[in-house]
Each structure stands twice: as structure tokens, then as C-alpha cells.
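To be precise, the following lines are my_file16.pdb, and they hold PDB, C-alpha atoms, pLDDT in the B column.
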ATOM      1  CA  MET A   6     -52.576  10.331  -0.952  1.00 86.00           C
ATOM      2  CA  ASN A   7     -55.576  11.305   1.160  1.00 92.00           C
ATOM      3  CA  TRP A   8     -54.755  12.691   4.591  1.00 97.00           C
ATOM      4  CA  HIS A   9     -56.754  13.102   7.784  1.00 96.00           C
ATOM      5  CA  LEU A  10     -56.113  16.592   9.204  1.00 96.00           C
ATOM      6  CA  ILE A  11     -56.384  16.961  12.978  1.00 96.00           C
ATOM      7  CA  VAL A  12     -56.036  20.490  14.399  1.00 96.00           C
ATOM      8  CA  GLU A  13     -56.117  20.854  18.184  1.00 95.00           C
ATOM      9  CA  PRO A  14     -55.505  24.468  19.272  1.00 94.00           C
ATOM     10  CA  ASP A  15     -56.611  24.041  22.898  1.00 93.00           C
ATOM     11  CA  GLY A  16     -53.652  21.971  24.049  1.00 95.00           C
ATOM     12  CA  ARG A  17     -53.208  18.740  25.999  1.00 95.00           C
ATOM     13  CA  SER A  18     -50.734  17.379  28.522  1.00 96.00           C
ATOM     14  CA  GLY A  19     -47.502  15.814  27.357  1.00 97.00           C
ATOM     15  CA  ALA A  20     -48.692  12.295  28.182  1.00 96.00           C
ATOM     16  CA  GLN A  21     -51.951  12.768  26.272  1.00 94.00           C
ATOM     17  CA  ASN A  22     -50.210  14.226  23.232  1.00 96.00           C
ATOM     18  CA  MET A  23     -47.686  11.395  23.031  1.00 96.00           C
ATOM     19  CA  ALA A  24     -50.431   8.795  23.500  1.00 95.00           C
ATOM     20  CA  ILE A  25     -52.379  10.287  20.585  1.00 94.00           C
ATOM     21  CA  ASP A  26     -49.328  10.422  18.328  1.00 96.00           C
ATOM     22  CA  GLU A  27     -48.522   6.790  19.091  1.00 95.00           C
ATOM     23  CA  ALA A  28     -52.154   5.793  18.462  1.00 93.00           C
ATOM     24  CA  LEU A  29     -51.991   7.483  15.056  1.00 94.00           C
ATOM     25  CA  LEU A  30     -48.792   5.574  14.278  1.00 96.00           C
ATOM     26  CA  LEU A  31     -50.466   2.280  15.176  1.00 94.00           C
ATOM     27  CA  GLU A  32     -53.483   3.143  13.027  1.00 94.00           C
ATOM     28  CA  ALA A  33     -51.244   4.085  10.098  1.00 96.00           C
ATOM     29  CA  ASP A  34     -49.526   0.712  10.412  1.00 97.00           C
ATOM     30  CA  ARG A  35     -52.795  -1.207  10.798  1.00 95.00           C
ATOM     31  CA  ALA A  36     -54.882   0.439   8.089  1.00 96.00           C
ATOM     32  CA  GLY A  37     -52.450   2.374   5.886  1.00 97.00           C
ATOM     33  CA  THR A  38     -54.115   5.650   6.923  1.00 95.00           C
ATOM     34  CA  ALA A  39     -52.211   8.953   6.780  1.00 97.00           C
ATOM     35  CA  PHE A  40     -52.561  11.678   9.416  1.00 96.00           C
ATOM     36  CA  LEU A  41     -51.349  15.254   9.776  1.00 97.00           C
ATOM     37  CA  ARG A  42     -51.903  16.474  13.332  1.00 97.00           C
ATOM     38  CA  LEU A  43     -51.251  20.071  14.460  1.00 97.00           C
ATOM     39  CA  TYR A  44     -51.426  20.672  18.187  1.00 97.00           C
ATOM     40  CA  ARG A  45     -49.970  22.324  21.275  1.00 97.00           C
ATOM     41  CA  PHE A  46     -49.142  21.473  24.875  1.00 98.00           C
ATOM     42  CA  SER A  47     -51.042  22.705  27.926  1.00 97.00           C
ATOM     43  CA  PRO A  48     -49.457  23.163  30.368  1.00 98.00           C
ATOM     44  CA  ALA A  49     -46.034  23.848  28.880  1.00 98.00           C
ATOM     45  CA  CYS A  50     -44.057  20.623  28.845  1.00 98.00           C
ATOM     46  CA  LEU A  51     -40.501  19.315  28.813  1.00 98.00           C
ATOM     47  CA  SER A  52     -40.090  16.293  26.535  1.00 98.00           C
ATOM     48  CA  PHE A  53     -37.157  13.887  26.352  1.00 97.00           C
ATOM     49  CA  GLY A  54     -36.102  11.760  23.403  1.00 97.00           C
ATOM     50  CA  ARG A  55     -36.882   8.047  23.633  1.00 96.00           C
ATOM     51  CA  ASN A  56     -33.308   7.030  24.477  1.00 96.00           C
ATOM     52  CA  GLU A  57     -32.025  10.264  26.016  1.00 96.00           C
ATOM     53  CA  PRO A  58     -30.226   9.743  29.378  1.00 96.00           C
ATOM     54  CA  ALA A  59     -32.549  12.144  31.214  1.00 96.00           C
ATOM     55  CA  LEU A  60     -31.442  11.173  34.729  1.00 96.00           C
ATOM     56  CA  GLU A  61     -27.872  12.001  33.810  1.00 95.00           C
ATOM     57  CA  ARG A  62     -28.636  15.233  31.981  1.00 94.00           C
ATOM     58  CA  PHE A  63     -31.459  16.797  33.987  1.00 96.00           C
ATOM     59  CA  ASP A  64     -32.115  17.692  37.615  1.00 96.00           C
ATOM     60  CA  ARG A  65     -35.221  15.636  38.434  1.00 97.00           C
ATOM     61  CA  PRO A  66     -35.733  17.122  41.938  1.00 97.00           C
ATOM     62  CA  ALA A  67     -35.600  20.648  40.467  1.00 96.00           C
ATOM     63  CA  ILE A  68     -38.104  19.686  37.767  1.00 97.00           C
ATOM     64  CA  GLU A  69     -40.455  18.257  40.393  1.00 96.00           C
ATOM     65  CA  ARG A  70     -40.071  21.309  42.678  1.00 96.00           C
ATOM     66  CA  LEU A  71     -41.027  23.537  39.756  1.00 96.00           C
ATOM     67  CA  GLY A  72     -44.030  21.332  39.001  1.00 97.00           C
ATOM     68  CA  LEU A  73     -43.117  21.017  35.319  1.00 98.00           C
ATOM     69  CA  ASP A  74     -45.058  18.688  33.069  1.00 98.00           C
ATOM     70  CA  VAL A  75     -42.558  16.210  31.637  1.00 98.00           C
ATOM     71  CA  VAL A  76     -42.854  13.329  29.183  1.00 98.00           C
ATOM     72  CA  ARG A  77     -40.618  10.966  27.231  1.00 98.00           C
ATOM     73  CA  ARG A  78     -41.409  10.800  23.523  1.00 98.00           C
ATOM     74  CA  PRO A  79     -41.725   7.598  21.485  1.00 97.00           C
ATOM     75  CA  THR A  80     -39.239   9.177  19.042  1.00 97.00           C
ATOM     76  CA  GLY A  81     -35.559   9.928  19.495  1.00 94.00           C
ATOM     77  CA  GLY A  82     -33.613  13.152  19.690  1.00 92.00           C
ATOM     78  CA  ARG A  83     -32.940  15.541  22.550  1.00 92.00           C
ATOM     79  CA  ALA A  84     -34.994  17.594  24.992  1.00 94.00           C
ATOM     80  CA  VAL A  85     -37.562  20.176  23.839  1.00 95.00           C
ATOM     81  CA  TRP A  86     -39.406  22.794  25.896  1.00 96.00           C
ATOM     82  CA  HIS A  87     -42.927  22.929  24.451  1.00 97.00           C
ATOM     83  CA  ASP A  88     -44.289  26.437  25.011  1.00 97.00           C
ATOM     84  CA  HIS A  89     -45.269  29.172  22.529  1.00 96.00           C
ATOM     85  CA  GLU A  90     -45.038  26.692  19.679  1.00 97.00           C
ATOM     86  CA  LEU A  91     -46.988  24.536  17.257  1.00 98.00           C
ATOM     87  CA  THR A  92     -46.234  20.836  17.253  1.00 98.00           C
ATOM     88  CA  TYR A  93     -46.863  18.828  14.109  1.00 98.00           C
ATOM     89  CA  ALA A  94     -47.144  15.064  13.806  1.00 98.00           C
ATOM     90  CA  VAL A  95     -47.128  13.014  10.608  1.00 98.00           C
ATOM     91  CA  ALA A  96     -48.222   9.384  10.887  1.00 97.00           C
ATOM     92  CA  ALA A  97     -48.313   7.614   7.537  1.00 98.00           C
ATOM     93  CA  PRO A  98     -47.252   4.507   5.620  1.00 98.00           C
ATOM     94  CA  VAL A  99     -43.503   4.346   5.035  1.00 98.00           C
ATOM     95  CA  ALA A 100     -44.234   3.730   1.353  1.00 96.00           C
ATOM     96  CA  ALA A 101     -45.521   7.300   1.041  1.00 94.00           C
ATOM     97  CA  PHE A 102     -42.077   8.727   1.833  1.00 95.00           C
ATOM     98  CA  GLY A 103     -39.366   6.102   1.401  1.00 95.00           C
ATOM     99  CA  SER A 104     -36.119   6.016   3.366  1.00 95.00           C
ATOM    100  CA  LEU A 105     -35.541   7.744   6.693  1.00 94.00           C
ATOM    101  CA  ARG A 106     -33.520  10.502   5.053  1.00 92.00           C
ATOM    102  CA  ASP A 107     -35.989  10.944   2.193  1.00 95.00           C
ATOM    103  CA  SER A 108     -38.981  11.123   4.513  1.00 96.00           C
ATOM    104  CA  TYR A 109     -37.247  13.530   6.873  1.00 94.00           C
ATOM    105  CA  ARG A 110     -36.397  15.925   4.064  1.00 95.00           C
ATOM    106  CA  SER A 111     -39.752  15.536   2.299  1.00 96.00           C
ATOM    107  CA  ILE A 112     -41.763  16.428   5.405  1.00 97.00           C
ATOM    108  CA  HIS A 113     -39.459  19.321   6.220  1.00 97.00           C
ATOM    109  CA  ALA A 114     -39.690  20.597   2.649  1.00 97.00           C
ATOM    110  CA  ARG A 115     -43.461  20.901   3.036  1.00 97.00           C
ATOM    111  CA  LEU A 116     -43.020  22.755   6.317  1.00 98.00           C
ATOM    112  CA  ALA A 117     -40.490  25.094   4.724  1.00 97.00           C
ATOM    113  CA  ILE A 118     -43.024  25.928   1.998  1.00 98.00           C
ATOM    114  CA  ALA A 119     -45.556  26.764   4.719  1.00 98.00           C
ATOM    115  CA  LEU A 120     -43.079  29.134   6.356  1.00 98.00           C
ATOM    116  CA  HIS A 121     -42.401  30.813   3.017  1.00 98.00           C
ATOM    117  CA  GLN A 122     -46.136  31.527   2.773  1.00 97.00           C
ATOM    118  CA  LEU A 123     -45.763  33.437   6.047  1.00 98.00           C
ATOM    119  CA  GLY A 124     -42.857  35.468   4.667  1.00 97.00           C
ATOM    120  CA  ILE A 125     -40.125  33.455   6.379  1.00 97.00           C
ATOM    121  CA  PRO A 126     -37.105  32.532   4.191  1.00 97.00           C
ATOM    122  CA  ALA A 127     -36.753  28.961   5.436  1.00 97.00           C
ATOM    123  CA  THR A 128     -34.332  26.466   3.906  1.00 96.00           C
ATOM    124  CA  LEU A 129     -33.192  22.925   4.694  1.00 96.00           C
ATOM    125  CA  ALA A 130     -29.848  22.478   6.434  1.00 91.00           C
ATOM    126  CA  PRO A 131     -27.283  20.702   4.253  1.00 90.00           C
ATOM    127  CA  ASP A 132     -26.469  17.079   4.985  1.00 79.00           C
ATOM    128  CA  ARG A 133     -23.362  16.433   7.025  1.00 65.00           C
ATOM    129  CA  ASN A 134     -20.868  13.639   6.516  1.00 51.00           C
ATOM    130  CA  GLY A 135     -20.985  11.012   9.235  1.00 45.00           C
ATOM    131  CA  ARG A 136     -23.359  10.523  12.138  1.00 49.00           C
ATOM    132  CA  VAL A 137     -24.120  13.475  14.385  1.00 48.00           C
ATOM    133  CA  ALA A 138     -23.650  12.648  18.067  1.00 50.00           C
ATOM    134  CA  LEU A 139     -26.620  13.527  20.269  1.00 54.00           C
ATOM    135  CA  GLY A 140     -24.751  14.966  23.223  1.00 54.00           C
ATOM    136  CA  PRO A 141     -26.184  16.996  26.102  1.00 52.00           C
ATOM    137  CA  GLY A 142     -28.252  20.091  25.479  1.00 51.00           C
ATOM    138  CA  ALA A 143     -31.508  20.957  23.784  1.00 56.00           C
ATOM    139  CA  CYS A 144     -32.873  19.721  20.477  1.00 63.00           C
ATOM    140  CA  PHE A 145     -32.569  23.278  19.159  1.00 61.00           C
ATOM    141  CA  SER A 146     -28.884  23.670  20.058  1.00 53.00           C
ATOM    142  CA  ALA A 147     -27.786  22.985  16.483  1.00 57.00           C
ATOM    143  CA  PRO A 148     -29.396  21.853  13.218  1.00 65.00           C
ATOM    144  CA  VAL A 149     -28.651  18.561  11.501  1.00 74.00           C
ATOM    145  CA  GLY A 150     -28.969  17.781   7.813  1.00 80.00           C
ATOM    146  CA  GLY A 151     -32.443  18.227   6.355  1.00 89.00           C
ATOM    147  CA  GLU A 152     -33.834  20.301   9.236  1.00 92.00           C
ATOM    148  CA  VAL A 153     -35.606  23.623   8.687  1.00 95.00           C
ATOM    149  CA  VAL A 154     -33.415  26.655   9.326  1.00 93.00           C
ATOM    150  CA  VAL A 155     -33.516  30.397   8.787  1.00 94.00           C
ATOM    151  CA  ALA A 156     -30.137  32.123   8.361  1.00 90.00           C
ATOM    152  CA  GLY A 157     -28.513  28.977   9.713  1.00 88.00           C
ATOM    153  CA  LYS A 158     -30.623  28.881  12.883  1.00 89.00           C
ATOM    154  CA  LYS A 159     -32.984  26.018  13.615  1.00 91.00           C
ATOM    155  CA  VAL A 160     -36.683  26.886  13.687  1.00 93.00           C
ATOM    156  CA  ILE A 161     -38.200  23.375  13.633  1.00 94.00           C
ATOM    157  CA  GLY A 162     -36.905  20.417  15.654  1.00 90.00           C
ATOM    158  CA  SER A 163     -38.095  16.934  14.634  1.00 94.00           C
ATOM    159  CA  ALA A 164     -37.660  13.247  15.356  1.00 95.00           C
ATOM    160  CA  GLN A 165     -38.959  10.078  13.725  1.00 96.00           C
ATOM    161  CA  VAL A 166     -39.743   6.489  14.659  1.00 97.00           C
ATOM    162  CA  ARG A 167     -40.905   3.599  12.474  1.00 98.00           C
ATOM    163  CA  ARG A 168     -43.124   0.718  13.457  1.00 97.00           C
ATOM    164  CA  GLY A 169     -44.115  -2.035  11.061  1.00 97.00           C
ATOM    165  CA  THR A 170     -45.130  -0.406   7.772  1.00 98.00           C
ATOM    166  CA  ALA A 171     -45.638   3.102   9.178  1.00 98.00           C
ATOM    167  CA  LEU A 172     -43.681   6.085  10.448  1.00 98.00           C
ATOM    168  CA  LEU A 173     -44.321   8.804  12.988  1.00 98.00           C
ATOM    169  CA  GLN A 174     -42.462  12.079  12.646  1.00 98.00           C
ATOM    170  CA  HIS A 175     -43.307  14.916  14.959  1.00 98.00           C
ATOM    171  CA  GLY A 176     -41.629  18.165  15.840  1.00 97.00           C
ATOM    172  CA  SER A 177     -41.846  21.609  17.354  1.00 97.00           C
ATOM    173  CA  ILE A 178     -42.224  24.833  15.338  1.00 97.00           C
ATOM    174  CA  LEU A 179     -41.093  27.691  17.576  1.00 95.00           C
ATOM    175  CA  LEU A 180     -43.537  30.608  17.442  1.00 97.00           C
ATOM    176  CA  ASN A 181     -42.061  32.683  20.246  1.00 96.00           C
ATOM    177  CA  GLY A 182     -40.319  32.377  23.596  1.00 92.00           C
ATOM    178  CA  SER A 183     -37.115  30.408  24.114  1.00 89.00           C
ATOM    179  CA  GLN A 184     -35.665  27.055  25.122  1.00 88.00           C
ATOM    180  CA  ASP A 185     -33.905  28.574  28.152  1.00 88.00           C
ATOM    181  CA  ARG A 186     -36.009  26.521  30.568  1.00 91.00           C
ATOM    182  CA  ILE A 187     -34.009  23.471  29.521  1.00 91.00           C
ATOM    183  CA  GLU A 188     -30.741  25.047  30.603  1.00 87.00           C
ATOM    184  CA  ALA A 189     -32.240  26.058  33.949  1.00 89.00           C
ATOM    185  CA  ILE A 190     -32.851  22.430  34.930  1.00 94.00           C
ATOM    186  CA  SER A 191     -29.915  20.843  33.120  1.00 93.00           C
ATOM    187  CA  ARG A 192     -26.982  19.202  34.878  1.00 89.00           C
ATOM    188  CA  GLN A 193     -24.849  19.928  31.797  1.00 77.00           C
ATOM    189  CA  PRO A 194     -25.804  23.447  30.628  1.00 68.00           C
ATOM    190  CA  THR A 195     -24.906  24.364  27.056  1.00 66.00           C
ATOM    191  CA  ALA A 196     -25.765  27.580  25.246  1.00 58.00           C
ATOM    192  CA  ILE A 197     -28.775  27.293  22.931  1.00 54.00           C
ATOM    193  CA  SER A 198     -27.425  29.591  20.245  1.00 56.00           C
ATOM    194  CA  GLY A 199     -28.785  27.690  17.253  1.00 64.00           C
ATOM    195  CA  ALA A 200     -32.496  28.376  17.717  1.00 77.00           C
ATOM    196  CA  THR A 201     -34.801  31.101  16.458  1.00 88.00           C
ATOM    197  CA  THR A 202     -38.562  31.760  16.446  1.00 94.00           C
ATOM    198  CA  LEU A 203     -41.076  32.816  13.812  1.00 97.00           C
ATOM    199  CA  SER A 204     -42.030  35.919  15.781  1.00 97.00           C
ATOM    200  CA  GLY A 205     -38.380  36.872  16.165  1.00 95.00           C
ATOM    201  CA  ILE A 206     -37.771  36.524  12.439  1.00 96.00           C
ATOM    202  CA  LEU A 207     -40.806  38.565  11.388  1.00 97.00           C
ATOM    203  CA  GLY A 208     -40.597  41.093  14.211  1.00 97.00           C
ATOM    204  CA  GLN A 209     -44.277  40.589  15.075  1.00 97.00           C
ATOM    205  CA  PRO A 210     -46.444  38.004  16.865  1.00 96.00           C
ATOM    206  CA  VAL A 211     -47.163  34.801  14.954  1.00 97.00           C
ATOM    207  CA  GLY A 212     -50.092  32.705  16.181  1.00 97.00           C
ATOM    208  CA  PHE A 213     -50.928  29.020  16.213  1.00 98.00           C
ATOM    209  CA  GLU A 214     -53.904  29.383  13.876  1.00 98.00           C
ATOM    210  CA  GLU A 215     -52.067  31.170  11.064  1.00 98.00           C
ATOM    211  CA  VAL A 216     -49.196  28.682  11.124  1.00 98.00           C
ATOM    212  CA  ALA A 217     -51.631  25.740  11.166  1.00 98.00           C
ATOM    213  CA  GLN A 218     -53.432  27.193   8.141  1.00 98.00           C
ATOM    214  CA  ALA A 219     -50.130  27.675   6.297  1.00 98.00           C
ATOM    215  CA  VAL A 220     -49.016  24.094   6.987  1.00 98.00           C
ATOM    216  CA  ALA A 221     -52.332  22.678   5.796  1.00 98.00           C
ATOM    217  CA  ALA A 222     -52.246  24.847   2.658  1.00 97.00           C
ATOM    218  CA  ALA A 223     -48.719  23.676   1.822  1.00 97.00           C
ATOM    219  CA  TRP A 224     -49.439  19.983   2.316  1.00 97.00           C
ATOM    220  CA  ASP A 225     -49.029  17.708  -0.685  1.00 90.00           C
ATOM    221  CA  GLY A 226     -52.232  15.684  -0.785  1.00 86.00           C
ATOM    222  CA  ALA A 227     -55.952  15.934  -0.149  1.00 92.00           C
ATOM    223  CA  LEU A 228     -56.769  16.866   3.458  1.00 96.00           C
ATOM    224  CA  THR A 229     -59.966  15.861   5.233  1.00 95.00           C
ATOM    225  CA  SER A 230     -60.574  17.555   8.570  1.00 94.00           C
ATOM    226  CA  THR A 231     -61.273  15.037  11.301  1.00 89.00           C
ATOM    227  CA  VAL A 232     -60.875  14.440  15.022  1.00 79.00           C
ATOM    228  CA  PRO A 233     -59.330  11.505  16.849  1.00 69.00           C
ATOM    229  CA  TYR A 234     -61.956   8.800  16.716  1.00 62.00           C
ATOM    230  CA  TYR A 235     -60.712   6.662  19.585  1.00 64.00           C
ATOM    231  CA  PRO A 236     -61.069   7.165  23.359  1.00 65.00           C
ATOM    232  CA  LEU A 237     -58.033   8.419  25.249  1.00 71.00           C
ATOM    233  CA  PRO A 238     -57.034   5.975  28.003  1.00 69.00           C
ATOM    234  CA  SER A 239     -56.863   7.446  31.499  1.00 70.00           C
ATOM    235  CA  ARG A 240     -53.254   6.254  31.841  1.00 76.00           C
ATOM    236  CA  THR A 241     -50.687   5.237  29.282  1.00 90.00           C
ATOM    237  CA  VAL A 242     -46.986   4.439  29.415  1.00 95.00           C
ATOM    238  CA  PHE A 243     -46.344   8.128  28.738  1.00 96.00           C
ATOM    239  CA  SER A 244     -47.875   9.098  32.081  1.00 95.00           C
ATOM    240  CA  GLU A 245     -45.725   6.610  34.012  1.00 96.00           C
ATOM    241  CA  PRO A 246     -42.619   7.923  35.837  1.00 96.00           C
ATOM    242  CA  ASP A 247     -40.916   4.575  35.175  1.00 96.00           C
ATOM    243  CA  TRP A 248     -41.090   5.360  31.445  1.00 97.00           C
ATOM    244  CA  THR A 249     -40.271   9.058  31.722  1.00 97.00           C
ATOM    245  CA  TRP A 250     -37.256   8.472  33.961  1.00 97.00           C
ATOM    246  CA  ARG A 251     -36.266   5.026  32.688  1.00 95.00           C
ATOM    247  CA  ARG A 252     -32.709   6.185  32.054  1.00 93.00           C
TER     248      ARG A 252
END
Would you give me this structure, written as C-alpha cells?
Amino acid sequence: MNWHLIVEPDGRSGAQNMAIDEALLLEADRAGTAFLRLYRFSPACLSFGRNEPALERFDRPAIERLGLDVVRRPTGGRAVWHDHELTYAVAAPVAAFGSLRDSYRSIHARLAIALHQLGIPATLAPDRNGRVALGPGACFSAPVGGEVVVAGKKVIGSAQVRRGTALLQHGSILLNGSQDRIEAISRQPTAISGATTLSGILGQPVGFEEVAQAVAAAWDGALTSTVPYYPLPSRTVFSEPDWTWRR
């Protein structure tokens, strides 16, 4: 399959990033196009899963006092603090990957190969029997089956949504820093003991550019560098408080 590669090192707001990812999903459904997007957030951003009960779990007044950028993703899962990381997004026809489980593992397998190229002994977490409950806490609190881990600790957190004939899977690759910000504004603090970072593993700084190059080099398919070819709307649902705090 031919892929459009979009690399955006400068960073965008949470609302802009989610609007772009959703636009890529719609284009993949409309035209059968496949995209690999590598990007970051600026400023640092707190994102909630599509159906996460954010009002119950997080202190909205504290978040607003701190002036944090916050967005609700179109995908599921739990909260992620986007800072010192690379976020990837895959928007492609479902037919390219198959079932939810198969696509989840296939995309993560490619990312694990990229980490190996950087000297990081990444593996995929084994599948668990039964459904894993998405309780309070951060996305990186504990790995689930098929996620990328190093020595049992989660280094990439992902979520997926499907629309029509296409899927969008995006996730955070932790370069440095921590997810402690989530606990600071949580109404139900839980220790984030299941996360690690690439810099922590290697004992040296790991930058956005070198990880982006490794991911592109490990990708299965022809990549054509491109840029989003549609205008960004001034406002989208992702910039609306009614969407962000809908539950």
C-alpha cells in the first residue's frame, strides 16, 4: 500500500491536532487513502478519551486555573498528558489491517520495530483474557494486550476508532518527562507506575526527529512525504467546551 507521510515537528494545539486526525480518517473513508502522521502538541495538552467521564475524574476548575490546553479525542481510552512525546496517527482503510485486534497489533508491531532501530528492546504486551475495564487514572497506568512495552512498562499508549470503511489509530510515544500532571488534577489519583520513556530507557535524550525517522524507516509500505492539503477550520467540535466536558 502507498502511504502519505505527514511529519509536523512544530506542534499544534489539541483541538487542531484532533481536527486533522479526524479529517484524515474521513479522507481515508472517502477515497481509500492511507496516512501516517507524526506530530506533537504545542502547548502541552491534556487529552481525554471519547467516552471518558472527565467531569467525574478530573478537577475542571483546577485545570482552568492552570490554563492547561485540554481536548477530547475522537478515539477511546483514558487521559494522556501530551508533552515531551511524539504522537503518531494512522488513518487507513480497514481492509489494510483487518479486525480491531489485528490492526492494533500490526500497527504496534511496526512501532516496536522502529524502537528496536533506536536500541530499545520493545515487545508487545500479551493478550489478556476478558475485557479490561477502563477505570480512573492515566492511559499509561498499565498496558493492555498488544501494546508496546519495555520490561513490562508501557512506552506507547494508543486508541482506535472506525468510521465507515476506515480506521484511525493514534497514540503517544513518550520521549521524556512523565504523566504526573494527570495525577495533579485528578479527583481519583492513582499511581502511574506502568509507564516509561525512551530517554529513561536509553539513559540519554531522545528527540522527535530521530524517532520520526525510525518510525518512517520501519513502516511497511511506500511512503510519500506530503502535507495536509485541506484548510483547517477556525473552530471545530474539538475546540468546543461542550464536547470536551460533555461527560
Need the shell around A:Thr202: protein/DNA/RNA residues with any atom at most 10 Å away, counting all atoms listed in the file. Skip same-chain ones fewer than 4 positions apart. Format as an MDAnalysis selection string? chainID A and resid 89:90 155 158:161 178:183 206:208 211
Separation of atom CA of A:Asp132 and atom CA of A:Arg167, in Å?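 Pair atom CA of A:Asp132 / atom CA of A:Arg167 returns 21.1 Å.
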I need the residue nearest A:Val12 from this list: A:Leu129, A:Leu43, A:Ala84, A:Val76. Use all atoms listed in the file for the distance. A:Leu43
Given all atoms listed in the file as the counted atoms, nearest of A:Thr201, A:Ile25, A:Ile118, A:Arg186 to A:Ala156: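 Selected residue with least distance to A:Ala156: A:Thr201.
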Å distance separating atom CA of A:Ser177 from atom CA of A:Trp86, one decimal place: 9.0 Å
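Separating atom CA of A:Thr231 from atom CA of A:Leu41 is a distance of 10.0 Å.
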Axis-aligned box for all listed atoms of stretch 87-102 of chain A, 5 Å per side, centre and edges in Å to one decimal, as JSON:
{"center_x": -45.2, "center_y": 16.5, "center_z": 13.0, "size_x": 16.2, "size_y": 35.4, "size_z": 34.0}
Excluding A:Leu60 and any residue of its chain fewer than 2 positions from it, enumerate the residues within 10 Å of it, using only C-alpha atoms, and give them as a PDB file with C-alpha atoms, in the frame of the given file.
ATOM      1  CA  GLU A  57     -32.025  10.264  26.016  1.00 96.00           C
ATOM      2  CA  PRO A  58     -30.226   9.743  29.378  1.00 96.00           C
ATOM      3  CA  ARG A  62     -28.636  15.233  31.981  1.00 94.00           C
ATOM      4  CA  PHE A  63     -31.459  16.797  33.987  1.00 96.00           C
ATOM      5  CA  ASP A  64     -32.115  17.692  37.615  1.00 96.00           C
ATOM      6  CA  ARG A  65     -35.221  15.636  38.434  1.00 97.00           C
ATOM      7  CA  SER A 191     -29.915  20.843  33.120  1.00 93.00           C
ATOM      8  CA  ARG A 192     -26.982  19.202  34.878  1.00 89.00           C
ATOM      9  CA  THR A 249     -40.271   9.058  31.722  1.00 97.00           C
ATOM     10  CA  TRP A 250     -37.256   8.472  33.961  1.00 97.00           C
ATOM     11  CA  ARG A 251     -36.266   5.026  32.688  1.00 95.00           C
ATOM     12  CA  ARG A 252     -32.709   6.185  32.054  1.00 93.00           C
TER      13      ARG A 252
END
Quick one: which residues end up in the PyMOL selection byres ((chain A and resi 237-248) around 10) for this structure, as a list in words? Ser18, Gly19, Ala20, Gln21, Asn22, Met23, Ala24, Ile25, Glu27, Ala28, Arg55, Val75, Val76, Arg77, Arg78, Pro79, Pro233, Tyr234, Tyr235, Pro236, Thr249, Trp250, Arg251 and Arg252 of chain A
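Using all atoms listed in the file, the smallest distance between any of A:Ala33, A:Leu71, A:Ala100, A:Ala114 and A:Ala223 comes from A:Ala114.
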